[in-house]
Amino acid sequence: SSAFETVWVESNRKVHSAVDKALTGEADGPVSLKNDEVAIDVAPIVAQVKERLVDAGLGVAARIPDVHTNFVVVQSKDIGKIKTYMRVLEIMGSWLPVIALLVAAAGVYTAFNRRHALIGAGLAVFAAMLVLGITLTVFRDVYLDHLPSGASPAAAGAVYDALIKFLRAGVRALGAVALLTAVGAFLSGPSRIAVLIRNGCRRSIGALRDTAVSEGLRLGAVGRFVHRFKRWIGAAIVVVAAIVLFMWNYPTTMVVVWTTVIVLVGFALREFLDTGS
C-alpha cells in the first residue's frame, strides 16, 4: 500500500543516513561500528513505541523500561578499512571540486585570451561530462551482462540506478553549467553573431523602456544608479548565481536551467533600468 511505501522509503533513508554517519566517524544515533561489527541500538525504537502507545491511551506502556540492546547486523574484518576509505572519499568529495574549479579559474586568468580560454574550458568540461554519462550507461549494460546465474536483472538494474542516481544528476548538471558558461563567454565576445544578438536584445529592451517612460514611468535616481554601477550589478548577478549552484545540495539540470533563466531576467531588468544618464 502507499502507507507501506512511505514507511519503507523513510526507514531506508534514515538507516542510510545513520550508516553514512557511522562510516564517516560522525555516528551519533542508533547505528555504531565497533569491533568490526555494525550494530543497531533498539533503544530509540522502543522509545518511539512507548510514546505512541501512551498517546493511544495505553498508559501502562510508560512503565516499559529503557532497553539498550545492540543487534549486530553486519560483521566483517574489513569494516575498519571501509570506514577509512569512506572518510577519505568524503574529504575528497568536498575538496576536489573546489580544487578543480580553482585550477580552471587560474588557467583562464593566466591565459593570453581569457574569453577563448573560458570557452575552451567550458567545452572541455562539457565533453568530459558527456563521455562520463555515456560510460555510465554503457557500464550498466556490461554490469547486467555479467550477473551470476539466477540473479534478477531488474533488481540488479534498480540497485545500479540507485547507486549512480546522484552521480548521473551531477554529471548532467555540471555539463549544463559548462555548456552555458561557454555559450555566455561566446556571446560576450566581439564576433559578428554575438554583437548582433547583444544589439538586438539591447534595442528590444530599450524600446520597451521607452514605451514605459512615454506612459509615465519615471526611473529617476534608480536609472542613474544602475547606469553608474552597471558592470558591478552584472558581476553581482553572476556571483550570486554561482554561489547558489555551488551551495545547492545535488543540483539537477532543471536547477541549472532555472538559475540561468533568473540570471537572464536579472540582466534584462538591469538593461531596462539603465537610462543611460
# chains A, B, ... in the order shown; residues from 1 in each chain; ligands from 1
$ residues_around --residues "A:Ala61" --least-positions-apart "3" --cutoff "9 Å" --atoms "only C-alpha atoms" --output "list in words"
Val49, Lys50, Glu51, Leu53, Val54, Leu58 and Ile64 of chain A
$ write_last_selection --atoms "C-alpha atoms" --output "PDB file, in the first residue's frame"
ATOM      1  CA  VAL A  49       6.800   2.623  20.536  1.00  0.00           C
ATOM      2  CA  LYS A  50       6.299   3.691  24.175  1.00  0.00           C
ATOM      3  CA  GLU A  51       5.390   7.211  23.110  1.00  0.00           C
ATOM      4  CA  LEU A  53       1.259   3.542  22.931  1.00  0.00           C
ATOM      5  CA  VAL A  54       0.864   6.192  25.626  1.00  0.00           C
ATOM      6  CA  LEU A  58      -2.316   2.719  26.924  1.00  0.00           C
ATOM      7  CA  ILE A  64       8.330  -0.097  29.862  1.00  0.00           C
TER       8      ILE A  64
END
$ select_by_dssp --residues "stretch 34-237 of chain A" --states "helix (DSSP H, G or I)" --output "PyMOL selection string"
chain A and resi 43-55+59-63+79-110+114-145+153-163+165-187+192-214+220-228+230-237
$ atom_distance --atom1 "atom CA of A:Leu179" --atom2 "atom CA of A:Ile262"
16.9 Å
$ closest_atom_pairs --of "stretch 61-98 of chain A" --to "stretch 103-114 of chain A" --cutoff "12 Å" --atoms "only C-alpha atoms" --output "CSV"
residue,atom,partner,partner_atom,distance
A:Leu96,CA,A:Val103,CA,10.4
A:Pro97,CA,A:Val103,CA,9.9
A:Val98,CA,A:Val103,CA,8.6
$ write_last_selection --atoms "N, CA and C atoms" --output "tab-separated table (two decimals), in the first residue's frame"
chain	number	residue	atom	x	y	z
A	96	LEU	N	37.91	18.19	-3.83
A	96	LEU	CA	38.34	18.07	-5.23
A	96	LEU	C	37.59	19.00	-6.17
A	97	PRO	N	36.25	19.14	-6.04
A	97	PRO	CA	35.57	20.10	-6.92
A	97	PRO	C	36.08	21.53	-6.75
A	98	VAL	N	36.37	21.92	-5.50
A	98	VAL	CA	36.88	23.27	-5.25
A	98	VAL	C	38.26	23.44	-5.88
